[in-house]
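Enquirer: Sharing a structure with you now.
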Amino acid sequence: MKNDTVPFVDLNAQHEPLLEELTIVFRDALQTSRFIGGPPVEEFERNFADFCGTRYCIGVGSGTDALRFALIAAGVKQGEVVITVANTFIATTEAISQAGAFPDFIDIDEQTYTMDPEHLRKYLETRCRQDTKTGRPVHRQTGNHIAAVVPVHLYGQTADMDAIREVAEQYGLIVIEDACQAHGALHFTRREKQWKKAGSLGTAAAFSFYPGKNLGACGEAGAVTTDDERIARMVRMLRDHGQIEKYHHRIEGYNGRLDAIQAGILSVKLKHLSFWNELRRRCAQHYTYLLAGTKGLLTPSEPEWTKSAYHLYVIRSADRDGLRRHLADHRVETGLHYPLPLHLQEPYLLGGRTMWNLPNTERAAREILSLPLYPGLTAYQQNLVAEAIQGFHRTDTAAAAMQCA
Ligand SMILES: *Cc1c(COP(=O)(O)O)cnc(C)c1O
């Protein structure tokens, strides 16, 4: 093992056993010269819709495309408001703005780091009033309609979708899942009394197949899943310049198609996704076992209604930056997801100041740390990580004790 460094991710471990199969995908594309659309794209769309348990899957160019197209196709209009969270990748809010809407942030649940449904309810009850003409919620200060909510299934774990959907239905809101980190994540819906996959829990959902995701292409790719035929048809138009047939444009759209090589690669890898997710879950359980009882450290919590796909394994420590430096010194790579919440980033400031007060989000951003996690991470590597963490927290408490003495 090279220097015993524990890498944050290792895509080679995943690709090496599939080298032959993946190479055939490239060769077939070269031989047929079909690079955009065609049978490989249709085949992947069928496969991924089956995997998610939805009627439709529409392959697009990226997760950001998927979010933007899903919002527009579901009916979000210029000047409307879309509610989401601030501890996510900026693509979530870029897509909202690019759909012509305004992103508005609510705080997260401190245990799961995902949207807190109570904050959603409170937002609609206290910041909004009912429009007398349309019956829809309207923001009291700006007068803008609230159109949709985008819960983000962060780190591979579904948001509290039962509660979020209940509030959304009460107020007539569209629900677009940001499932870009949650391929194969499961959610128990109390209403239907069954486990369902991320991507099948809202009006429509967006997936990213960026290489590092649980299901990753060898380039850029994404998909929208939905049960709604009208939305599916609209996303198909949007991704292809608004075309309904060649050079007949019903609307102005985008260049946002999934290419044939990526689709072929994704079909090869999709067959292994459930197994890979199972390996991720085992690694996560092993970390939790190894780190149990470590003072000053919080491991991920998984409510009984969700089975995380563990895109990331995120711990929490009051001295996160110290711990991160200590781990780097011990050749353990780590990540921050995300170090600066969106409501504190420049595009969302007004006169250099934020308009949002999101204490849970800000505290989490200061304390979270993502540990190495990928299918193929060994128990030996996990032991190295855990020992390094415990070394830090021991010396940490020892130093504090000495200061007291
Ligand atoms: C990766 C990601 C996206 C964007 O996906 P791209 O394929 O990079 O456009 C959006 N939202 C979240 C939560 C993500 O993790």
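FYI, nothing fancy with the structure tokens labels: chains A, B, ... in order, residues from 1 per chain, ligands from 1 as they appear.
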Within 7 Å of ligand 1, which residues show up when you count only C-alpha atoms and all ligand atoms? List them as a list in words, please.
Expert: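 These are the residues that qualify: Ser62, Gly63, Thr64, Asp65, Thr88, Phe89, Ala91, Thr92, Val152, Leu154, Asp178, Ala179, Cys180, Gln181, Ser208, Phe209, Tyr210, Glu220, Ala221 and Gly222 of chain A.
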Enquirer: If you run DSSP on this backbone, which residues of range 70-278 of chain A come out as strand (DSSP E or B), and could you give them as a PDB file with N, CA and C atoms, in the first residue's frame?
Expert:
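That gives us out.pdb:
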ATOM      1  N   VAL A  81     -40.742  31.700  -5.809  1.00  0.00           N
ATOM      2  CA  VAL A  81     -39.764  31.345  -4.783  1.00  0.00           C
ATOM      3  C   VAL A  81     -39.665  29.827  -4.669  1.00  0.00           C
ATOM      4  N   VAL A  82     -38.443  29.332  -4.535  1.00  0.00           N
ATOM      5  CA  VAL A  82     -38.222  27.908  -4.291  1.00  0.00           C
ATOM      6  C   VAL A  82     -37.445  27.768  -2.979  1.00  0.00           C
ATOM      7  N   ILE A  83     -38.006  27.012  -2.058  1.00  0.00           N
ATOM      8  CA  ILE A  83     -37.409  26.879  -0.728  1.00  0.00           C
ATOM      9  C   ILE A  83     -36.436  25.704  -0.717  1.00  0.00           C
ATOM     10  N   THR A  84     -35.231  25.935  -0.176  1.00  0.00           N
ATOM     11  CA  THR A  84     -34.269  24.841  -0.057  1.00  0.00           C
ATOM     12  C   THR A  84     -33.384  25.078   1.164  1.00  0.00           C
ATOM     13  N   PHE A 102     -36.403  32.490  -7.290  1.00  0.00           N
ATOM     14  CA  PHE A 102     -35.531  32.957  -6.205  1.00  0.00           C
ATOM     15  C   PHE A 102     -35.363  31.835  -5.185  1.00  0.00           C
ATOM     16  N   PRO A 103     -34.119  31.453  -4.885  1.00  0.00           N
ATOM     17  CA  PRO A 103     -33.947  30.487  -3.805  1.00  0.00           C
ATOM     18  C   PRO A 103     -34.136  31.175  -2.451  1.00  0.00           C
ATOM     19  N   ASP A 104     -34.833  30.503  -1.546  1.00  0.00           N
ATOM     20  CA  ASP A 104     -34.936  30.990  -0.164  1.00  0.00           C
ATOM     21  C   ASP A 104     -34.537  29.829   0.748  1.00  0.00           C
ATOM     22  N   PHE A 105     -33.810  30.147   1.826  1.00  0.00           N
ATOM     23  CA  PHE A 105     -33.221  29.090   2.652  1.00  0.00           C
ATOM     24  C   PHE A 105     -33.960  28.912   3.972  1.00  0.00           C
ATOM     25  N   ILE A 108     -31.662  23.512   8.856  1.00  0.00           N
ATOM     26  CA  ILE A 108     -31.647  22.041   8.794  1.00  0.00           C
ATOM     27  C   ILE A 108     -31.900  21.428  10.167  1.00  0.00           C
ATOM     28  N   MET A 115     -33.116  19.103   5.462  1.00  0.00           N
ATOM     29  CA  MET A 115     -34.180  20.080   5.697  1.00  0.00           C
ATOM     30  C   MET A 115     -35.054  19.684   6.880  1.00  0.00           C
ATOM     31  N   CYS A 128     -45.366  33.787   5.133  1.00  0.00           N
ATOM     32  CA  CYS A 128     -46.227  33.832   3.941  1.00  0.00           C
ATOM     33  C   CYS A 128     -47.680  34.086   4.332  1.00  0.00           C
ATOM     34  N   ARG A 129     -48.421  34.551   3.363  1.00  0.00           N
ATOM     35  CA  ARG A 129     -49.874  34.650   3.513  1.00  0.00           C
ATOM     36  C   ARG A 129     -50.498  33.961   2.311  1.00  0.00           C
ATOM     37  N   GLN A 130     -51.810  33.686   2.422  1.00  0.00           N
ATOM     38  CA  GLN A 130     -52.467  33.031   1.306  1.00  0.00           C
ATOM     39  C   GLN A 130     -52.947  34.069   0.304  1.00  0.00           C
ATOM     40  N   PRO A 137     -49.563  30.142  -1.427  1.00  0.00           N
ATOM     41  CA  PRO A 137     -48.799  30.948  -0.485  1.00  0.00           C
ATOM     42  C   PRO A 137     -47.979  32.025  -1.198  1.00  0.00           C
ATOM     43  N   VAL A 138     -47.963  33.197  -0.604  1.00  0.00           N
ATOM     44  CA  VAL A 138     -47.246  34.345  -1.144  1.00  0.00           C
ATOM     45  C   VAL A 138     -46.355  34.898  -0.044  1.00  0.00           C
ATOM     46  N   HIS A 139     -45.136  35.257  -0.393  1.00  0.00           N
ATOM     47  CA  HIS A 139     -44.227  35.831   0.588  1.00  0.00           C
ATOM     48  C   HIS A 139     -44.737  37.207   1.015  1.00  0.00           C
ATOM     49  N   HIS A 145     -44.905  34.438  -5.258  1.00  0.00           N
ATOM     50  CA  HIS A 145     -45.513  33.128  -4.986  1.00  0.00           C
ATOM     51  C   HIS A 145     -44.451  32.110  -4.563  1.00  0.00           C
ATOM     52  N   ILE A 146     -44.793  31.252  -3.635  1.00  0.00           N
ATOM     53  CA  ILE A 146     -43.916  30.134  -3.268  1.00  0.00           C
ATOM     54  C   ILE A 146     -44.329  28.966  -4.155  1.00  0.00           C
ATOM     55  N   ALA A 147     -43.406  28.493  -5.000  1.00  0.00           N
ATOM     56  CA  ALA A 147     -43.791  27.488  -5.992  1.00  0.00           C
ATOM     57  C   ALA A 147     -43.392  26.079  -5.590  1.00  0.00           C
ATOM     58  N   ALA A 148     -42.225  25.939  -4.996  1.00  0.00           N
ATOM     59  CA  ALA A 148     -41.679  24.596  -4.837  1.00  0.00           C
ATOM     60  C   ALA A 148     -40.746  24.504  -3.651  1.00  0.00           C
ATOM     61  N   VAL A 149     -40.450  23.276  -3.260  1.00  0.00           N
ATOM     62  CA  VAL A 149     -39.470  23.021  -2.223  1.00  0.00           C
ATOM     63  C   VAL A 149     -38.483  21.979  -2.766  1.00  0.00           C
ATOM     64  N   VAL A 152     -32.752  18.311  -0.070  1.00  0.00           N
ATOM     65  CA  VAL A 152     -31.514  17.711  -0.569  1.00  0.00           C
ATOM     66  C   VAL A 152     -31.218  16.466   0.268  1.00  0.00           C
ATOM     67  N   ILE A 174     -44.783  22.192  -5.300  1.00  0.00           N
ATOM     68  CA  ILE A 174     -44.071  21.165  -6.049  1.00  0.00           C
ATOM     69  C   ILE A 174     -42.899  20.677  -5.183  1.00  0.00           C
ATOM     70  N   VAL A 175     -42.594  19.362  -5.225  1.00  0.00           N
ATOM     71  CA  VAL A 175     -41.446  18.849  -4.471  1.00  0.00           C
ATOM     72  C   VAL A 175     -40.439  18.247  -5.450  1.00  0.00           C
ATOM     73  N   ILE A 176     -39.281  18.892  -5.579  1.00  0.00           N
ATOM     74  CA  ILE A 176     -38.215  18.356  -6.429  1.00  0.00           C
ATOM     75  C   ILE A 176     -37.095  17.843  -5.521  1.00  0.00           C
ATOM     76  N   GLU A 177     -36.846  16.523  -5.538  1.00  0.00           N
ATOM     77  CA  GLU A 177     -35.769  15.989  -4.719  1.00  0.00           C
ATOM     78  C   GLU A 177     -34.418  16.276  -5.383  1.00  0.00           C
ATOM     79  N   ASP A 178     -33.473  16.800  -4.603  1.00  0.00           N
ATOM     80  CA  ASP A 178     -32.085  16.810  -5.057  1.00  0.00           C
ATOM     81  C   ASP A 178     -31.481  15.502  -4.571  1.00  0.00           C
ATOM     82  N   LEU A 186     -32.785   4.557   0.564  1.00  0.00           N
ATOM     83  CA  LEU A 186     -34.150   4.090   0.789  1.00  0.00           C
ATOM     84  C   LEU A 186     -34.849   4.949   1.829  1.00  0.00           C
ATOM     85  N   HIS A 187     -36.165   5.066   1.652  1.00  0.00           N
ATOM     86  CA  HIS A 187     -36.971   5.857   2.572  1.00  0.00           C
ATOM     87  C   HIS A 187     -38.254   5.091   2.858  1.00  0.00           C
ATOM     88  N   PHE A 188     -38.606   4.937   4.140  1.00  0.00           N
ATOM     89  CA  PHE A 188     -39.856   4.258   4.478  1.00  0.00           C
ATOM     90  C   PHE A 188     -40.971   5.284   4.536  1.00  0.00           C
ATOM     91  N   THR A 189     -41.909   5.186   3.597  1.00  0.00           N
ATOM     92  CA  THR A 189     -43.039   6.107   3.619  1.00  0.00           C
ATOM     93  C   THR A 189     -44.115   5.506   4.508  1.00  0.00           C
ATOM     94  N   GLN A 194     -44.246   1.370   2.901  1.00  0.00           N
ATOM     95  CA  GLN A 194     -43.248   0.609   2.152  1.00  0.00           C
ATOM     96  C   GLN A 194     -41.960   1.412   1.971  1.00  0.00           C
ATOM     97  N   TRP A 195     -40.869   0.672   1.748  1.00  0.00           N
ATOM     98  CA  TRP A 195     -39.599   1.316   1.461  1.00  0.00           C
ATOM     99  C   TRP A 195     -39.590   1.736  -0.005  1.00  0.00           C
ATOM    100  N   LYS A 196     -39.207   2.981  -0.251  1.00  0.00           N
ATOM    101  CA  LYS A 196     -39.100   3.465  -1.633  1.00  0.00           C
ATOM    102  C   LYS A 196     -37.733   4.100  -1.830  1.00  0.00           C
ATOM    103  N   LYS A 197     -37.311   4.136  -3.099  1.00  0.00           N
ATOM    104  CA  LYS A 197     -35.984   4.681  -3.389  1.00  0.00           C
ATOM    105  C   LYS A 197     -36.019   6.203  -3.527  1.00  0.00           C
ATOM    106  N   ALA A 204     -40.739  15.182  -8.889  1.00  0.00           N
ATOM    107  CA  ALA A 204     -39.668  14.738  -9.782  1.00  0.00           C
ATOM    108  C   ALA A 204     -38.373  14.809  -8.990  1.00  0.00           C
ATOM    109  N   ALA A 205     -37.322  14.187  -9.520  1.00  0.00           N
ATOM    110  CA  ALA A 205     -36.048  14.177  -8.799  1.00  0.00           C
ATOM    111  C   ALA A 205     -34.897  14.375  -9.764  1.00  0.00           C
ATOM    112  N   ALA A 206     -33.779  14.894  -9.219  1.00  0.00           N
ATOM    113  CA  ALA A 206     -32.583  15.125 -10.024  1.00  0.00           C
ATOM    114  C   ALA A 206     -31.440  14.275  -9.493  1.00  0.00           C
ATOM    115  N   PHE A 207     -30.759  13.605 -10.419  1.00  0.00           N
ATOM    116  CA  PHE A 207     -29.564  12.820 -10.085  1.00  0.00           C
ATOM    117  C   PHE A 207     -28.365  13.367 -10.848  1.00  0.00           C
ATOM    118  N   SER A 208     -27.198  13.284 -10.208  1.00  0.00           N
ATOM    119  CA  SER A 208     -25.936  13.602 -10.873  1.00  0.00           C
ATOM    120  C   SER A 208     -25.138  12.313 -11.006  1.00  0.00           C
ATOM    121  N   GLY A 222     -26.269  13.224 -15.950  1.00  0.00           N
ATOM    122  CA  GLY A 222     -27.302  13.381 -14.929  1.00  0.00           C
ATOM    123  C   GLY A 222     -28.607  12.791 -15.424  1.00  0.00           C
ATOM    124  N   ALA A 223     -29.637  12.808 -14.578  1.00  0.00           N
ATOM    125  CA  ALA A 223     -30.936  12.283 -14.983  1.00  0.00           C
ATOM    126  C   ALA A 223     -32.051  12.885 -14.134  1.00  0.00           C
ATOM    127  N   VAL A 224     -33.237  12.960 -14.736  1.00  0.00           N
ATOM    128  CA  VAL A 224     -34.457  13.320 -14.009  1.00  0.00           C
ATOM    129  C   VAL A 224     -35.306  12.064 -13.924  1.00  0.00           C
ATOM    130  N   THR A 225     -35.857  11.781 -12.749  1.00  0.00           N
ATOM    131  CA  THR A 225     -36.823  10.685 -12.623  1.00  0.00           C
ATOM    132  C   THR A 225     -38.169  11.278 -12.208  1.00  0.00           C
ATOM    133  N   THR A 226     -39.237  10.676 -12.679  1.00  0.00           N
ATOM    134  CA  THR A 226     -40.585  11.138 -12.335  1.00  0.00           C
ATOM    135  C   THR A 226     -41.623  10.084 -12.742  1.00  0.00           C
ATOM    136  N   ASP A 240     -33.127  19.062 -25.293  1.00  0.00           N
ATOM    137  CA  ASP A 240     -32.793  18.981 -26.701  1.00  0.00           C
ATOM    138  C   ASP A 240     -33.340  20.180 -27.475  1.00  0.00           C
ATOM    139  N   GLN A 243     -36.937  20.685 -28.973  1.00  0.00           N
ATOM    140  CA  GLN A 243     -37.392  19.987 -30.185  1.00  0.00           C
ATOM    141  C   GLN A 243     -38.457  18.940 -29.864  1.00  0.00           C
ATOM    142  N   ILE A 244     -39.469  18.835 -30.721  1.00  0.00           N
ATOM    143  CA  ILE A 244     -40.390  17.706 -30.636  1.00  0.00           C
ATOM    144  C   ILE A 244     -40.111  16.744 -31.803  1.00  0.00           C
ATOM    145  N   GLU A 245     -39.541  17.270 -32.863  1.00  0.00           N
ATOM    146  CA  GLU A 245     -38.927  16.430 -33.887  1.00  0.00           C
ATOM    147  C   GLU A 245     -37.804  17.262 -34.508  1.00  0.00           C
ATOM    148  N   HIS A 248     -37.923  21.036 -35.405  1.00  0.00           N
ATOM    149  CA  HIS A 248     -39.213  21.597 -35.029  1.00  0.00           C
ATOM    150  C   HIS A 248     -39.163  21.895 -33.530  1.00  0.00           C
ATOM    151  N   HIS A 249     -39.059  23.201 -33.196  1.00  0.00           N
ATOM    152  CA  HIS A 249     -38.841  23.614 -31.810  1.00  0.00           C
ATOM    153  C   HIS A 249     -40.119  24.171 -31.208  1.00  0.00           C
ATOM    154  N   ASN A 255     -28.981  22.807 -24.500  1.00  0.00           N
ATOM    155  CA  ASN A 255     -28.199  21.664 -24.933  1.00  0.00           C
ATOM    156  C   ASN A 255     -27.838  20.894 -23.667  1.00  0.00           C
ATOM    157  N   ARG A 257     -28.121  17.135 -23.227  1.00  0.00           N
ATOM    158  CA  ARG A 257     -28.378  15.711 -23.455  1.00  0.00           C
ATOM    159  C   ARG A 257     -27.333  14.831 -22.772  1.00  0.00           C
ATOM    160  N   ASP A 259     -24.823  11.796 -23.271  1.00  0.00           N
ATOM    161  CA  ASP A 259     -24.223  11.190 -24.458  1.00  0.00           C
ATOM    162  C   ASP A 259     -24.159   9.667 -24.335  1.00  0.00           C
TER     163      ASP A 259
END
Enquirer: Using only C-alpha atoms, determine which residues lie at most 10 Å from range 325-335 of chain A, disregarding the query and same-chain residues fewer than 2 positions distant; provide the list as a VMD selection string.
Expert: chain A and resid 3 to 9 312 to 314 320 to 323 337 to 339 368 to 373 381 to 382 384 to 389 391 to 393
Enquirer: Keeping only N, CA, C and O atoms, take the residues you just selected and write them out as a compact mmCIF listing (two decimals), in the first residue's frame.
Expert:
# COMPACT_ATOMS: atom_id res chain seq x y z
N ASN A 3 2.62 4.21 0.89
CA ASN A 3 2.86 5.05 2.07
C ASN A 3 1.79 4.92 3.15
O ASN A 3 1.73 5.71 4.08
N ASP A 4 0.87 3.96 2.96
CA ASP A 4 -0.24 3.84 3.91
C ASP A 4 -1.14 5.06 3.94
O ASP A 4 -1.87 5.27 4.89
N THR A 5 -1.07 5.91 2.89
CA THR A 5 -2.02 7.02 2.82
C THR A 5 -3.41 6.45 2.61
O THR A 5 -3.60 5.53 1.82
N VAL A 6 -4.39 6.98 3.36
CA VAL A 6 -5.78 6.57 3.12
C VAL A 6 -6.41 7.65 2.26
O VAL A 6 -6.64 8.76 2.73
N PRO A 7 -6.70 7.34 0.98
CA PRO A 7 -7.25 8.37 0.09
C PRO A 7 -8.72 8.64 0.42
O PRO A 7 -9.39 7.78 1.00
N PHE A 8 -9.18 9.82 0.05
CA PHE A 8 -10.58 10.17 0.33
C PHE A 8 -11.53 9.34 -0.53
O PHE A 8 -12.55 8.85 -0.05
N VAL A 9 -11.21 9.20 -1.81
CA VAL A 9 -11.93 8.28 -2.70
C VAL A 9 -10.91 7.58 -3.58
O VAL A 9 -9.81 8.07 -3.78
N LEU A 312 -21.31 9.94 1.67
CA LEU A 312 -20.23 10.44 2.53
C LEU A 312 -20.47 9.96 3.95
O LEU A 312 -21.62 9.77 4.36
N TYR A 313 -19.38 9.77 4.69
CA TYR A 313 -19.47 9.47 6.11
C TYR A 313 -18.96 10.70 6.85
O TYR A 313 -17.77 11.01 6.78
N VAL A 314 -19.89 11.41 7.51
CA VAL A 314 -19.57 12.73 8.05
C VAL A 314 -19.65 12.72 9.57
O VAL A 314 -20.71 12.42 10.13
N ARG A 320 -12.85 20.75 14.73
CA ARG A 320 -12.80 20.10 13.43
C ARG A 320 -11.51 20.42 12.68
O ARG A 320 -10.86 19.52 12.13
N ASP A 321 -11.11 21.68 12.68
CA ASP A 321 -9.93 22.06 11.90
C ASP A 321 -8.66 21.44 12.48
O ASP A 321 -7.78 21.00 11.74
N GLY A 322 -8.60 21.36 13.82
CA GLY A 322 -7.46 20.70 14.47
C GLY A 322 -7.42 19.23 14.12
O GLY A 322 -6.36 18.67 13.77
N LEU A 323 -8.59 18.61 14.19
CA LEU A 323 -8.68 17.18 13.87
C LEU A 323 -8.28 16.93 12.41
O LEU A 323 -7.57 15.98 12.09
N HIS A 337 -17.90 19.05 3.51
CA HIS A 337 -19.12 19.16 2.69
C HIS A 337 -20.27 19.75 3.51
O HIS A 337 -21.04 19.03 4.08
N TYR A 338 -20.32 21.08 3.60
CA TYR A 338 -19.53 22.04 2.84
C TYR A 338 -18.98 23.08 3.82
O TYR A 338 -19.65 23.40 4.80
N PRO A 339 -17.81 23.66 3.56
CA PRO A 339 -17.19 24.55 4.54
C PRO A 339 -17.91 25.89 4.70
O PRO A 339 -17.92 26.45 5.78
N ILE A 368 -18.35 19.79 10.84
CA ILE A 368 -18.43 18.54 10.08
C ILE A 368 -17.10 18.18 9.41
O ILE A 368 -16.33 19.06 9.04
N LEU A 369 -16.89 16.89 9.28
CA LEU A 369 -15.68 16.40 8.60
C LEU A 369 -16.02 15.08 7.90
O LEU A 369 -16.55 14.16 8.52
N SER A 370 -15.72 15.00 6.60
CA SER A 370 -16.02 13.79 5.83
C SER A 370 -14.80 12.88 5.82
O SER A 370 -13.71 13.30 5.44
N LEU A 371 -15.00 11.63 6.23
CA LEU A 371 -13.90 10.65 6.28
C LEU A 371 -13.83 9.87 4.96
O LEU A 371 -14.81 9.81 4.22
N PRO A 372 -12.69 9.25 4.69
CA PRO A 372 -12.59 8.43 3.47
C PRO A 372 -13.67 7.35 3.47
O PRO A 372 -13.88 6.68 4.48
N LEU A 373 -14.39 7.23 2.36
CA LEU A 373 -15.41 6.19 2.25
C LEU A 373 -15.67 5.90 0.78
O LEU A 373 -16.01 6.80 0.01
N GLN A 381 -7.58 0.01 6.52
CA GLN A 381 -7.55 1.46 6.33
C GLN A 381 -8.47 2.16 7.33
O GLN A 381 -8.11 3.20 7.89
N GLN A 382 -9.62 1.56 7.57
CA GLN A 382 -10.56 2.18 8.51
C GLN A 382 -9.97 2.21 9.92
O GLN A 382 -10.18 3.17 10.67
N LEU A 384 -6.77 2.49 10.59
CA LEU A 384 -5.80 3.59 10.59
C LEU A 384 -6.51 4.93 10.85
O LEU A 384 -6.05 5.75 11.65
N VAL A 385 -7.63 5.12 10.16
CA VAL A 385 -8.39 6.36 10.31
C VAL A 385 -8.87 6.52 11.75
O VAL A 385 -8.67 7.57 12.39
N ALA A 386 -9.47 5.44 12.28
CA ALA A 386 -10.04 5.50 13.64
C ALA A 386 -8.95 5.73 14.67
O ALA A 386 -9.12 6.53 15.61
N GLU A 387 -7.80 5.06 14.51
CA GLU A 387 -6.70 5.24 15.47
C GLU A 387 -6.18 6.68 15.43
O GLU A 387 -5.91 7.27 16.48
N ALA A 388 -6.07 7.22 14.24
CA ALA A 388 -5.61 8.61 14.12
C ALA A 388 -6.59 9.56 14.80
O ALA A 388 -6.19 10.48 15.51
N ILE A 389 -7.90 9.32 14.61
CA ILE A 389 -8.91 10.18 15.24
C ILE A 389 -8.82 10.06 16.76
O ILE A 389 -8.80 11.07 17.48
N GLY A 391 -6.29 9.12 18.52
CA GLY A 391 -5.04 9.74 18.95
C GLY A 391 -5.23 11.23 19.18
O GLY A 391 -4.78 11.78 20.18
N PHE A 392 -5.93 11.88 18.27
CA PHE A 392 -6.17 13.32 18.40
C PHE A 392 -7.03 13.63 19.61
O PHE A 392 -6.71 14.51 20.40
N HIS A 393 -8.12 12.91 19.75
CA HIS A 393 -9.03 13.23 20.85
C HIS A 393 -8.43 12.90 22.21
O HIS A 393 -8.74 13.52 23.20
Enquirer: Let's see if you can do this: from backbone DSSP, list all alpha helix (DSSP H) residues in range 102-325 of chain A, as a PyMOL selection string.
Expert: chain A and resi 117-122+161-171+229-239+260-291+320-325
Enquirer: Compare A:Ser274, A:Thr134, A:Thr142, A:Thr23 by their minimum atom-to-atom distance to Ile261 in chain A, counting only C-alpha atoms, and give me the closest one.
Expert: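 Closest residue, counting only C-alpha atoms: A:Thr23.
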Enquirer: Which distance in Å separates CA of Glu45 in chain A and CA of Leu71 in chain A, to one decimal?
Expert: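 About the pair CA of Glu45 in chain A and CA of Leu71 in chain A: they are 19.4 Å apart.
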Enquirer: For Pro39 in chain A, find every residue with an atom within 10 Å (counting only C-alpha atoms), except residues of its own chain fewer than 5 positions away, and show them as a PyMOL selection string.
Expert: chain A and resi 34+44-45+260+263-264
Enquirer: For a quick check of understanding, using only C-alpha atoms, which of A:Phe35, A:Phe275, A:Phe51, A:Tyr310 has the smallest distance to Tyr287 in chain A?
Expert: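 Of all the options, A:Tyr310 lies closest to Tyr287 in chain A.
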Enquirer: Residues at most 9 Å from Ser301 in chain A, counting only C-alpha atoms, excluding those fewer than 2 positions away in the same chain, as an MDAnalysis selection string?
Expert: chainID A and resid 111:112 298:299 303
Enquirer: Considering only C-alpha atoms, can you say which of A:Gln262, A:Thr361, A:Pro347, A:Asn383 comes closest to Asp116 in chain A?
Expert: A:Thr361
Enquirer: Calculated over only C-alpha atoms, which of the candidates A:Glu252, A:Thr288, A:Trp305, A:Gly242 has the smallest distance to Asp160 in chain A?
Expert: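 Ranking A:Glu252, A:Thr288, A:Trp305, A:Gly242 by distance to Asp160 in chain A, first place goes to A:Trp305.
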